[in-house]
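Here's run.cif, which has mmCIF, C-alpha atoms and all ligand atoms:
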data_my_file
#
loop_
_atom_site.label_atom_id
_atom_site.label_comp_id
_atom_site.auth_asym_id
_atom_site.auth_seq_id
_atom_site.Cartn_x
_atom_site.Cartn_y
_atom_site.Cartn_z
CA MET E 1 45.04 207.65 148.39
CA LYS E 2 42.84 206.45 151.26
CA GLU E 3 45.56 207.15 153.84
CA ARG E 4 46.26 210.55 152.34
CA ILE E 5 42.58 211.49 152.62
CA HIS E 6 42.16 210.05 156.09
CA SER E 7 45.13 211.83 157.58
CA GLN E 8 43.70 215.16 156.36
CA PHE E 9 40.20 214.26 157.56
CA GLU E 10 41.51 213.43 161.01
CA LYS E 11 43.66 216.54 161.18
CA ARG E 12 40.85 218.89 160.16
CA PHE E 13 37.75 217.30 161.61
CA GLY E 14 38.97 214.67 164.10
CA GLY E 15 38.00 210.98 164.12
CA SER E 16 36.95 209.20 160.98
CA GLY E 17 34.07 208.94 158.53
CA THR E 18 32.84 206.54 155.86
CA PHE E 19 34.52 206.22 152.47
CA TYR E 20 32.68 206.47 149.17
CA ALA E 21 34.11 206.29 145.66
CA SER E 22 33.11 206.78 142.09
CA ALA E 23 34.79 206.48 138.73
CA GLY E 24 35.82 208.40 135.66
CA ARG E 25 34.81 206.88 132.34
CA ILE E 26 35.92 205.96 128.86
CA ASN E 27 33.60 205.90 125.88
CA LEU E 28 34.23 203.39 123.09
CA ILE E 29 32.05 205.30 120.63
CA GLY E 30 29.07 207.71 120.56
CA GLU E 31 30.37 211.23 121.21
CA HIS E 32 28.06 214.29 121.46
CA THR E 33 25.15 211.94 120.88
CA ASP E 34 23.85 211.89 124.47
CA TYR E 35 22.20 215.33 124.50
CA ASN E 36 20.76 214.47 121.09
CA GLY E 37 18.90 211.47 122.53
CA GLY E 38 21.19 209.02 120.73
CA PHE E 39 23.33 206.10 121.90
CA VAL E 40 26.61 206.07 123.81
CA PHE E 41 28.89 203.20 124.77
CA PRO E 42 30.86 204.11 127.91
CA GLY E 43 32.37 202.20 130.82
CA ALA E 44 33.66 203.24 134.24
CA ILE E 45 37.42 203.03 134.78
CA ASP E 46 39.83 202.28 137.61
CA LYS E 47 40.49 205.98 138.17
CA GLY E 48 38.08 208.20 140.04
CA MET E 49 37.32 210.10 143.22
CA LEU E 50 37.38 208.94 146.82
CA ALA E 51 35.81 210.83 149.73
CA GLU E 52 35.63 210.36 153.50
CA ILE E 53 32.40 211.81 154.88
CA ARG E 54 30.67 212.14 158.27
CA LEU E 55 27.75 214.12 159.65
CA ASN E 56 28.94 217.06 161.78
CA GLY E 57 25.82 218.03 163.75
CA THR E 58 25.64 221.55 162.22
CA ASP E 59 23.80 222.98 159.21
CA LYS E 60 27.03 223.55 157.29
CA VAL E 61 29.09 221.53 154.87
CA ARG E 62 32.83 221.64 155.52
CA VAL E 63 34.80 220.12 152.70
CA TYR E 64 38.49 219.84 151.96
CA SER E 65 40.04 219.05 148.59
CA VAL E 66 43.25 217.16 149.36
CA ASP E 67 44.62 217.48 145.83
CA LEU E 68 44.08 221.24 145.62
CA ASP E 69 44.82 221.85 149.30
CA ASP E 70 41.73 224.03 149.45
CA TYR E 71 38.89 224.24 151.93
CA ALA E 72 35.28 225.42 151.55
CA GLU E 73 32.41 225.85 153.95
CA PHE E 74 28.82 226.51 152.94
CA GLY E 75 25.18 226.19 153.92
CA PHE E 76 22.36 224.65 151.91
CA ALA E 77 20.59 227.76 150.58
CA GLU E 78 21.04 228.99 147.01
CA GLU E 79 22.82 232.12 148.22
CA ASP E 80 25.39 230.02 150.09
CA ALA E 81 27.08 228.96 146.82
CA PRO E 82 30.86 228.77 147.29
CA SER E 83 33.09 230.59 144.82
CA ALA E 84 35.73 227.87 144.24
CA SER E 85 34.70 225.93 141.15
CA TRP E 86 35.61 222.52 142.66
CA ALA E 87 33.34 223.24 145.66
CA ARG E 88 30.41 224.12 143.39
CA TYR E 89 30.22 220.47 142.33
CA VAL E 90 29.61 219.41 145.93
CA PHE E 91 27.29 222.34 146.63
CA GLY E 92 25.38 221.66 143.38
CA VAL E 93 24.78 218.04 144.31
CA CYS E 94 23.35 219.11 147.69
CA ARG E 95 21.17 221.78 146.08
CA GLU E 96 19.87 219.44 143.40
CA ILE E 97 18.90 216.82 145.99
CA ILE E 98 17.03 219.49 147.92
CA LYS E 99 15.37 221.13 144.89
CA ARG E 100 14.48 218.03 142.90
CA ARG E 101 13.24 215.95 145.81
CA GLY E 102 12.43 218.25 148.70
CA ASP E 103 14.78 216.28 150.98
CA VAL E 104 16.29 217.96 154.03
CA LEU E 105 20.07 217.60 154.37
CA LYS E 106 22.17 218.19 157.47
CA GLY E 107 25.75 219.40 157.75
CA PHE E 108 28.65 217.08 157.03
CA ASP E 109 32.44 217.09 156.90
CA ALA E 110 34.28 215.64 153.93
CA ALA E 111 37.80 215.27 152.58
CA PHE E 112 38.36 213.94 149.09
CA ALA E 113 41.00 213.28 146.44
CA GLY E 114 41.12 211.72 143.01
CA ASP E 115 43.38 210.00 140.52
CA VAL E 116 41.36 210.69 137.38
CA PRO E 117 43.26 213.38 135.47
CA LEU E 118 41.44 216.74 135.39
CA GLY E 119 40.43 218.09 132.01
CA ALA E 120 41.50 214.93 130.17
CA GLY E 121 38.01 214.06 128.92
CA MET E 122 37.74 211.21 131.45
CA SER E 123 34.97 212.86 133.49
CA SER E 124 36.65 213.82 136.71
CA SER E 125 33.71 216.11 137.43
CA ALA E 126 31.11 213.36 137.00
CA ALA E 127 33.20 211.18 139.31
CA LEU E 128 33.07 213.89 141.96
CA GLU E 129 29.32 214.50 141.56
CA SER E 130 28.54 210.79 141.62
CA THR E 131 30.67 210.18 144.70
CA PHE E 132 28.75 212.83 146.65
CA ALA E 133 25.31 211.98 145.23
CA PHE E 134 25.81 208.32 146.08
CA ALA E 135 27.23 209.10 149.52
CA LEU E 136 24.50 211.57 150.55
CA ASP E 137 21.82 209.14 149.43
CA ASP E 138 23.38 206.47 151.64
CA ILE E 139 24.15 208.65 154.66
CA PHE E 140 20.68 210.24 154.77
CA GLY E 141 18.84 207.03 153.76
CA LEU E 142 17.09 208.84 150.88
CA CYS E 143 16.50 205.78 148.60
CA ILE E 144 17.17 207.75 145.42
CA ASP E 145 17.15 205.48 142.38
CA LYS E 146 20.31 205.27 140.29
CA PHE E 147 18.85 207.12 137.31
CA GLU E 148 17.99 210.04 139.54
CA LEU E 149 21.48 209.98 141.09
CA ALA E 150 22.89 210.38 137.58
CA ARG E 151 20.44 213.22 136.81
CA ILE E 152 21.42 215.00 140.03
CA GLY E 153 25.03 215.06 138.78
CA GLN E 154 23.96 216.21 135.33
CA SER E 155 21.82 219.07 136.64
CA THR E 156 24.68 220.10 138.91
CA GLU E 157 26.71 220.68 135.73
CA HIS E 158 23.86 222.62 134.12
CA ASN E 159 22.91 224.80 137.06
CA TYR E 160 26.14 225.28 139.01
CA CYS E 161 29.02 224.66 136.60
CA GLY E 162 27.84 226.18 133.31
CA VAL E 163 28.03 223.07 131.12
CA ASN E 164 24.85 221.85 129.38
CA CYS E 165 26.14 218.30 129.26
CA GLY E 166 24.25 215.12 128.42
CA ILE E 167 23.76 212.17 130.77
CA MET E 168 26.60 209.89 129.63
CA ASP E 169 29.32 210.71 132.14
CA GLN E 170 27.17 210.62 135.27
CA PHE E 171 25.38 207.51 134.03
CA ALA E 172 28.66 205.65 133.47
CA SER E 173 30.01 206.82 136.79
CA ILE E 174 26.95 205.55 138.68
CA PHE E 175 26.09 202.40 136.66
CA GLY E 176 29.63 201.26 135.75
CA LYS E 177 30.43 197.58 136.18
CA ALA E 178 33.87 195.93 136.14
CA GLY E 179 34.63 194.28 132.80
CA SER E 180 31.56 195.68 130.99
CA LEU E 181 30.79 198.56 128.71
CA ILE E 182 27.27 199.96 128.78
CA ARG E 183 25.23 200.69 125.69
CA LEU E 184 22.87 203.43 126.76
CA ASP E 185 19.93 204.79 124.81
CA CYS E 186 19.99 208.38 126.05
CA ARG E 187 16.38 209.02 125.02
CA SER E 188 14.71 206.14 126.89
CA LEU E 189 17.61 205.47 129.31
CA GLU E 190 17.38 201.77 128.44
CA TYR E 191 20.78 200.21 128.85
CA LYS E 192 22.60 196.95 128.33
CA TYR E 193 25.93 195.74 129.72
CA TYR E 194 28.38 194.35 127.15
CA PRO E 195 31.21 192.28 128.65
CA PHE E 196 34.28 193.68 126.91
CA HIS E 197 37.40 191.51 126.77
CA PRO E 198 38.73 191.96 123.24
CA GLU E 199 41.08 189.03 122.88
CA GLY E 200 44.38 189.98 121.25
CA TYR E 201 43.71 193.72 121.65
CA ARG E 202 44.26 196.40 124.26
CA LEU E 203 42.48 199.67 124.89
CA VAL E 204 44.77 202.55 125.79
CA LEU E 205 44.27 206.28 126.27
CA LEU E 206 46.88 208.78 125.15
CA ASP E 207 46.39 212.00 127.06
CA SER E 208 47.67 215.03 125.14
CA VAL E 209 47.72 216.93 128.45
CA VAL E 210 46.29 219.95 126.67
CA LYS E 211 43.01 221.54 127.58
CA HIS E 212 41.90 224.37 125.37
CA GLU E 213 40.31 227.50 126.75
CA LEU E 214 36.59 228.04 126.42
CA ALA E 215 35.86 224.33 126.14
CA SER E 216 32.58 224.71 128.05
CA SER E 217 31.26 227.56 125.95
CA ALA E 218 32.23 225.75 122.73
CA TYR E 219 30.49 222.64 124.08
CA ASN E 220 27.32 224.64 124.79
CA GLN E 221 27.48 226.13 121.28
CA ARG E 222 27.58 222.63 119.75
CA ARG E 223 24.50 221.74 121.70
CA ALA E 224 22.77 224.94 120.57
CA SER E 225 23.58 224.12 116.92
CA CYS E 226 21.87 220.76 117.29
CA GLU E 227 18.82 222.46 118.77
CA HIS E 228 18.64 224.97 115.88
CA VAL E 229 18.62 222.14 113.40
CA VAL E 230 15.87 220.31 115.28
CA ALA E 231 13.76 223.49 115.27
CA ALA E 232 14.30 223.89 111.51
CA ILE E 233 13.34 220.28 110.83
CA GLN E 234 10.20 220.64 112.95
CA ALA E 235 9.25 223.79 111.08
CA ALA E 236 9.77 221.99 107.77
CA GLY E 237 6.88 219.64 108.50
CA TYR E 238 8.31 217.06 110.89
CA PRO E 239 6.79 218.06 114.25
CA SER E 240 7.55 214.67 115.75
CA VAL E 241 11.31 215.31 115.55
CA LYS E 242 12.16 216.32 119.10
CA LEU E 243 15.89 215.53 119.04
CA LEU E 244 18.46 214.78 116.33
CA ARG E 245 17.98 211.13 117.24
CA ASP E 246 14.60 211.35 115.49
CA ALA E 247 16.04 212.90 112.33
CA ASP E 248 17.69 211.36 109.26
CA MET E 249 19.86 212.65 106.42
CA GLU E 250 16.84 213.18 104.20
CA MET E 251 15.24 215.55 106.70
CA LEU E 252 18.54 217.31 107.15
CA SER E 253 18.90 217.82 103.38
CA ALA E 254 15.37 219.21 103.30
CA VAL E 255 16.38 222.09 105.61
CA ARG E 256 19.83 222.69 104.16
CA GLY E 257 18.91 226.13 102.79
CA ARG E 258 17.40 227.24 106.10
CA ILE E 259 20.31 226.51 108.41
CA SER E 260 23.92 227.64 108.43
CA ASP E 261 26.56 225.44 106.78
CA GLU E 262 28.10 225.05 110.19
CA ASP E 263 24.89 223.77 111.79
CA TYR E 264 24.44 221.41 108.84
CA MET E 265 27.88 219.86 109.44
CA ARG E 266 27.20 219.51 113.16
CA ALA E 267 23.93 217.68 112.56
CA GLU E 268 25.43 215.49 109.84
CA TYR E 269 28.09 214.32 112.28
CA VAL E 270 25.53 213.55 115.01
CA ILE E 271 23.17 211.61 112.75
CA GLU E 272 26.07 209.50 111.47
CA GLU E 273 27.56 209.02 114.93
CA ILE E 274 24.31 207.67 116.39
CA GLN E 275 24.29 205.02 113.67
CA ARG E 276 27.97 204.20 114.28
CA VAL E 277 27.25 203.20 117.89
CA LEU E 278 24.70 200.64 116.70
CA ASP E 279 27.12 199.38 114.04
CA VAL E 280 29.83 198.94 116.67
CA CYS E 281 27.47 196.99 118.94
CA ASP E 282 26.61 194.65 116.04
CA ALA E 283 30.29 194.22 115.22
CA LEU E 284 31.10 193.40 118.84
CA GLU E 285 28.48 190.64 118.88
CA ARG E 286 30.58 189.02 116.09
CA ASP E 287 33.96 189.83 117.72
CA ASP E 288 34.63 191.89 114.60
CA TYR E 289 37.18 194.35 116.00
CA GLU E 290 38.29 195.51 112.57
CA THR E 291 34.85 197.07 112.03
CA VAL E 292 34.87 198.53 115.55
CA GLY E 293 38.22 200.18 114.79
CA LYS E 294 37.12 201.46 111.39
CA LYS E 295 34.11 203.17 113.01
CA MET E 296 36.39 204.76 115.61
CA TYR E 297 38.46 206.36 112.84
CA GLU E 298 35.25 207.58 111.19
CA THR E 299 34.23 209.17 114.49
CA HIS E 300 37.58 210.92 114.72
CA HIS E 301 37.20 212.27 111.23
CA GLY E 302 33.68 213.52 112.02
CA MET E 303 34.71 215.11 115.31
CA SER E 304 37.67 216.78 113.63
CA LYS E 305 36.16 217.97 110.35
CA LEU E 306 32.39 218.26 110.91
CA TYR E 307 31.84 218.78 114.62
CA GLU E 308 35.19 220.56 114.96
CA VAL E 309 35.98 219.56 118.52
CA SER E 310 39.42 218.06 117.89
CA CYS E 311 42.70 220.00 117.93
CA GLU E 312 46.16 219.79 116.45
CA GLU E 313 47.55 217.59 119.22
CA LEU E 314 44.73 215.04 118.99
CA ASP E 315 44.79 214.93 115.19
CA PHE E 316 48.53 214.31 115.44
CA LEU E 317 48.00 211.34 117.81
CA ASN E 318 45.30 210.00 115.51
CA ASP E 319 47.63 210.20 112.50
CA ILE E 320 50.37 208.30 114.35
CA ALA E 321 47.88 205.57 115.28
CA ARG E 322 46.92 205.20 111.63
CA GLU E 323 50.57 205.07 110.53
CA CYS E 324 51.27 202.34 113.08
CA GLY E 325 48.36 200.21 111.86
CA VAL E 326 46.42 200.66 115.11
CA THR E 327 42.96 199.09 114.68
CA GLY E 328 40.93 202.07 115.95
CA SER E 329 41.70 205.54 117.31
CA ARG E 330 39.76 208.70 117.99
CA VAL E 331 39.41 211.71 120.23
CA MET E 332 37.40 210.77 123.31
CA GLY E 333 34.88 212.79 125.33
CA GLY E 334 33.84 216.36 124.69
CA GLY E 335 37.05 217.28 122.81
CA PHE E 336 39.07 220.52 122.73
CA GLY E 337 42.00 218.64 124.26
CA GLY E 338 42.18 215.56 126.45
CA CYS E 339 42.74 212.03 125.16
CA THR E 340 42.54 209.73 122.22
CA ILE E 341 41.20 206.23 122.84
CA ASN E 342 43.00 203.52 120.90
CA LEU E 343 42.18 199.89 120.17
CA VAL E 344 45.56 198.28 119.53
CA LYS E 345 46.61 194.73 118.65
CA ASP E 346 48.86 193.24 121.36
CA GLU E 347 51.80 192.86 119.00
CA LEU E 348 51.69 196.53 117.93
CA TYR E 349 51.27 197.97 121.40
CA ASP E 350 54.89 198.65 122.42
CA MET E 351 55.88 200.03 119.05
CA PHE E 352 52.83 202.33 118.93
CA ILE E 353 53.33 203.73 122.43
CA GLU E 354 57.04 204.30 121.87
CA LYS E 355 56.52 206.08 118.54
CA ALA E 356 53.57 208.15 119.79
CA CYS E 357 55.51 209.35 122.85
CA ARG E 358 58.67 210.12 120.90
CA GLU E 359 57.06 211.93 117.96
CA PHE E 360 54.54 213.82 120.09
CA ALA E 361 57.34 215.05 122.37
CA ALA E 362 59.45 216.12 119.37
CA ARG E 363 56.54 218.15 118.05
CA PHE E 364 54.87 219.54 121.17
CA GLY E 365 57.66 219.52 123.75
CA HIS E 366 56.12 217.02 126.18
CA GLU E 367 55.10 213.38 126.06
CA PRO E 368 51.47 212.33 126.16
CA LYS E 369 50.43 210.40 129.26
CA VAL E 370 49.61 206.75 128.69
CA TYR E 371 46.68 205.13 130.51
CA PRO E 372 45.89 201.47 129.80
CA VAL E 373 42.12 201.11 130.28
CA VAL E 374 40.77 198.90 133.07
CA ILE E 375 36.98 198.80 133.04
CA SER E 376 35.84 198.95 136.64
CA ASP E 377 32.92 199.52 139.02
CA GLY E 378 31.11 202.83 139.36
CA ALA E 379 29.80 204.54 142.52
CA ARG E 380 30.13 202.52 145.72
CA LYS E 381 30.62 202.58 149.47
CA ILE E 382 34.02 201.33 150.59
CA GLU E 383 33.39 198.97 153.52
C1 LIG E 401 31.19 215.53 127.80
C2 LIG E 401 29.77 215.61 128.34
C3 LIG E 401 28.95 214.39 127.95
C4 LIG E 401 29.05 214.12 126.45
C5 LIG E 401 30.51 214.14 125.99
C6 LIG E 401 30.63 214.03 124.49
O1 LIG E 401 31.90 214.48 128.41
O2 LIG E 401 29.78 215.73 129.74
O3 LIG E 401 27.61 214.55 128.34
O4 LIG E 401 28.25 215.00 125.72
O5 LIG E 401 31.17 215.32 126.39
O6 LIG E 401 30.18 212.81 124.06
#
Is it possible to give me this structure as structure tokens?
Ligand code: GLA
Amino acid sequence: MKERIHSQFEKRFGGSGTFYASAGRINLIGEHTDYNGGFVFPGAIDKGMLAEIRLNGTDKVRVYSVDLDDYAEFGFAEEDAPSASWARYVFGVCREIIKRRGDVLKGFDAAFAGDVPLGAGMSSSAALESTFAFALDDIFGLCIDKFELARIGQSTEHNYCGVNCGIMDQFASIFGKAGSLIRLDCRSLEYKYYPFHPEGYRLVLLDSVVKHELASSAYNQRRASCEHVVAAIQAAGYPSVKLLRDADMEMLSAVRGRISDEDYMRAEYVIEEIQRVLDVCDALERDDYETVGKKMYETHHGMSKLYEVSCEELDFLNDIARECGVTGSRVMGGGFGGCTINLVKDELYDMFIEKACREFAARFGHEPKVYPVVISDGARKIE
């Protein structure tokens, strides 16, 4: 990938720049909990984005996407926003650095490519934002702390890409460490690395290669539902509840008549899911992978039936995992397509993959893609 990027950089801009990389992520458990102030349990993976970057002595950014064979050029003012959606990620990162910190940026040239599949729920967009946030901090000597780098990526999504996402993806992409998952408290941003080497098991993603339309608006609607429920709970005499993290099932029952059935189901899922992350962390301390797996299936059920962010293809993959005796399986990431994450005993692995590929292809006309998970480092400069 490096050679591919460099040959384009040289052809378009001449000479060479510095390489920066960042990663996509998996999440063991804790889905749609981040924007509710709950816990998540992600890790960076060995797939991500790589960019070659160099100052160009102008006040313009010139950036080339090698994978899309597309070029964009823009300045740093709000009205300079490029129209290509991929370029808005880079523009948004620049704008957020300027707006949030008052820093002055100068023009640069960049060429980039990635190997994290787009739209698969593995956070290709966070990988792109983190690569540029990390790189610009380094190139301009801005000394931005890592939390702020993650927030710059998150607000890029909010303000330039139309997704009101939480902090998980950008956090994992910036803070990721090889061999460790990260338990993150999304309210306080306290985090802890958990070395993750489940002996006798493998983690594997099955990518359905489907991405349903309107995923971002459905995502934003889920977030809005959670906010409605918080407002109802506050109005019912619990003013200290600022996020669903602060609520419990008793409070939720107390407002049942004042919220829609749909919002009730959404909040029920979130309250249960926040607890599941803590249960999984406890189970991991005891190497109790059976409990970890059981919680993953519970998450799938909640995401499918209560939060309603699964789809036929992902439910199908989850059913096959169950039939094969796979320890844990669930839809990963925001949902509406993308992957399942599966915790599989070594001895079942080949049989599971073979059956999943064959039966999925018979039903949907194409095989799922198979990605064994390698937990890797997050944002970095490539020396
Ligand atoms: C997307 C968002 C994250 C998070 C997950 C669901 O990946 O970007 O912030 O909400 O969905 O857990």
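Across the structure, atom CA of E:Ala231 and atom O6 of ligand LIG 401 (chain E) are spaced 21.5 Å apart.
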Query raised in the report: So which residues touch E:Lys369 within 10 Å, counting all atoms listed in the file, skipping near sequence neighbours fewer than 6 positions away, as a PyMOL selection string?
Result: chain E and resi 117+205-209+339+353+357
Output C-alpha atoms for every residue in the selection just made, as a PDB file, keeping the file's coordinate frame.
ATOM      1  CA  PRO E 117      43.260 213.380 135.470  1.00  0.00           C
ATOM      2  CA  LEU E 205      44.270 206.280 126.270  1.00  0.00           C
ATOM      3  CA  LEU E 206      46.880 208.780 125.150  1.00  0.00           C
ATOM      4  CA  ASP E 207      46.390 212.000 127.060  1.00  0.00           C
ATOM      5  CA  SER E 208      47.670 215.030 125.140  1.00  0.00           C
ATOM      6  CA  VAL E 209      47.720 216.930 128.450  1.00  0.00           C
ATOM      7  CA  CYS E 339      42.740 212.030 125.160  1.00  0.00           C
ATOM      8  CA  ILE E 353      53.330 203.730 122.430  1.00  0.00           C
ATOM      9  CA  CYS E 357      55.510 209.350 122.850  1.00  0.00           C
TER      10      CYS E 357
END
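Among the candidate residues E:Ser7, E:Ser188, E:Thr18, E:Thr291, the one lying nearest to E:Glu383 is E:Thr18, with distances computed using only C-alpha atoms.
In terms of minimum interatomic distance to ligand LIG 401 (chain E), E:Arg222 ranks closest within E:Arg54, E:Arg101, E:Arg62, E:Arg222, counting only C-alpha atoms and all ligand atoms.
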**Report entry** Point-to-point distance from atom CA of E:Gly38 to atom CA of E:Ser155, Å rounded to tenths
**Finding:** 18.8 Å
Requested in this report: Measuring atom to atom with all atoms listed in the file, identify which of E:Ala235, E:Ala150, E:Ile45, E:Ile382 is nearest to ligand LIG 401 (chain E).
Outcome: E:Ala150
Report task. Give the residue list for ligand LIG 401 (chain E) at 8 Å, counting all atoms listed in the file, as number ranges by chain, sorted by chain and then by residue number. Result -> E: 27, 30-35, 40, 121-123, 126, 163-170, 219, 332-335
Query raised in the report: Out of E:Leu348, E:Leu118, E:Val90, E:Leu203, which residue has the shortest atom-to-atom distance to E:Val374 when counting only C-alpha atoms?
Result: E:Leu203
Query raised in the report: What is the atom CA of E:Pro372-atom CA of E:Ser65 distance in Å, reported with one decimal?
Result: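 That distance, rounded to one decimal, is 26.4 Å.
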Every residue with an atom at most 9 Å from (31.9, 214.5, 154.5) (file coordinates; all atoms listed in the file) is what I'm after, so could you write them as a JSON list (two decimals) with C-alpha atoms, keeping the file's coordinate frame?
[["chain", "number", "residue", "atom", "x", "y", "z"],
["E", 9, "PHE", "CA", 40.20, 214.26, 157.56],
["E", 17, "GLY", "CA", 34.07, 208.94, 158.53],
["E", 18, "THR", "CA", 32.84, 206.54, 155.86],
["E", 19, "PHE", "CA", 34.52, 206.22, 152.47],
["E", 51, "ALA", "CA", 35.81, 210.83, 149.73],
["E", 52, "GLU", "CA", 35.63, 210.36, 153.50],
["E", 53, "ILE", "CA", 32.40, 211.81, 154.88],
["E", 54, "ARG", "CA", 30.67, 212.14, 158.27],
["E", 55, "LEU", "CA", 27.75, 214.12, 159.65],
["E", 56, "ASN", "CA", 28.94, 217.06, 161.78],
["E", 61, "VAL", "CA", 29.09, 221.53, 154.87],
["E", 62, "ARG", "CA", 32.83, 221.64, 155.52],
["E", 63, "VAL", "CA", 34.80, 220.12, 152.70],
["E", 64, "TYR", "CA", 38.49, 219.84, 151.96],
["E", 107, "GLY", "CA", 25.75, 219.40, 157.75],
["E", 108, "PHE", "CA", 28.65, 217.08, 157.03],
["E", 109, "ASP", "CA", 32.44, 217.09, 156.90],
["E", 110, "ALA", "CA", 34.28, 215.64, 153.93],
["E", 111, "ALA", "CA", 37.80, 215.27, 152.58],
["E", 112, "PHE", "CA", 38.36, 213.94, 149.09],
["E", 132, "PHE", "CA", 28.75, 212.83, 146.65],
["E", 135, "ALA", "CA", 27.23, 209.10, 149.52],
["E", 136, "LEU", "CA", 24.50, 211.57, 150.55]]
Closest contacts (stretch 186-293 of chain E/stretch 302-317 of chain E, max 10 Å, only C-alpha atoms) as a Markdown table:
| residue | atom | partner | partner_atom | distance |
| --- | --- | --- | --- | --- |
| E:Leu206 | CA | E:Leu317 | CA | 7.9 |
| E:Asp207 | CA | E:Leu314 | CA | 8.8 |
| E:Ser208 | CA | E:Glu313 | CA | 6.5 |
| E:Val209 | CA | E:Glu313 | CA | 9.3 |
| E:Val210 | CA | E:Glu313 | CA | 7.9 |
| E:Lys211 | CA | E:Cys311 | CA | 9.8 |
| E:His212 | CA | E:Cys311 | CA | 8.7 |
| E:Ala215 | CA | E:Val309 | CA | 9.0 |
| E:Ala218 | CA | E:Val309 | CA | 8.4 |
| E:Tyr219 | CA | E:Val309 | CA | 8.4 |
| E:Arg222 | CA | E:Tyr307 | CA | 7.7 |
| E:Glu262 | CA | E:Leu306 | CA | 8.1 |
| E:Asp263 | CA | E:Tyr307 | CA | 9.0 |
| E:Tyr264 | CA | E:Leu306 | CA | 8.8 |
| E:Met265 | CA | E:Leu306 | CA | 5.0 |
| E:Arg266 | CA | E:Tyr307 | CA | 4.9 |
| E:Ala267 | CA | E:Tyr307 | CA | 8.2 |
| E:Glu268 | CA | E:Leu306 | CA | 7.6 |
| E:Tyr269 | CA | E:Gly302 | CA | 5.7 |
| E:Val270 | CA | E:Tyr307 | CA | 8.2 |
| E:Glu272 | CA | E:Gly302 | CA | 8.6 |
| E:Glu273 | CA | E:Gly302 | CA | 8.1 |
Query raised in the report: Which residue gives the smallest distance to E:Arg25 among E:Ala283, E:Met1, E:Ala178, E:Val230, with all atoms listed in the file counted?
Result: E:Ala178
Query raised in the report: Using all atoms listed in the file, which of the listed residues (E:Glu290, E:Ala224, E:Arg187, E:Leu28) sits closest to E:Val331?
Result: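 That would be E:Leu28, the residue with the smallest distance to E:Val331.
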Query - Spatial neighbours of E:Ser130, 8 Å, only C-alpha atoms, chain gap at least 6 places, as a PyMOL selection string - result: chain E and resi 22+149-150+153+170+173-174+379
Output C-alpha atoms of each residue in that selection to a file, as a PDB file, in the coordinates of the input.
ATOM      1  CA  SER E  22      33.110 206.780 142.090  1.00  0.00           C
ATOM      2  CA  LEU E 149      21.480 209.980 141.090  1.00  0.00           C
ATOM      3  CA  ALA E 150      22.890 210.380 137.580  1.00  0.00           C
ATOM      4  CA  GLY E 153      25.030 215.060 138.780  1.00  0.00           C
ATOM      5  CA  GLN E 170      27.170 210.620 135.270  1.00  0.00           C
ATOM      6  CA  SER E 173      30.010 206.820 136.790  1.00  0.00           C
ATOM      7  CA  ILE E 174      26.950 205.550 138.680  1.00  0.00           C
ATOM      8  CA  ALA E 379      29.800 204.540 142.520  1.00  0.00           C
TER       9      ALA E 379
END
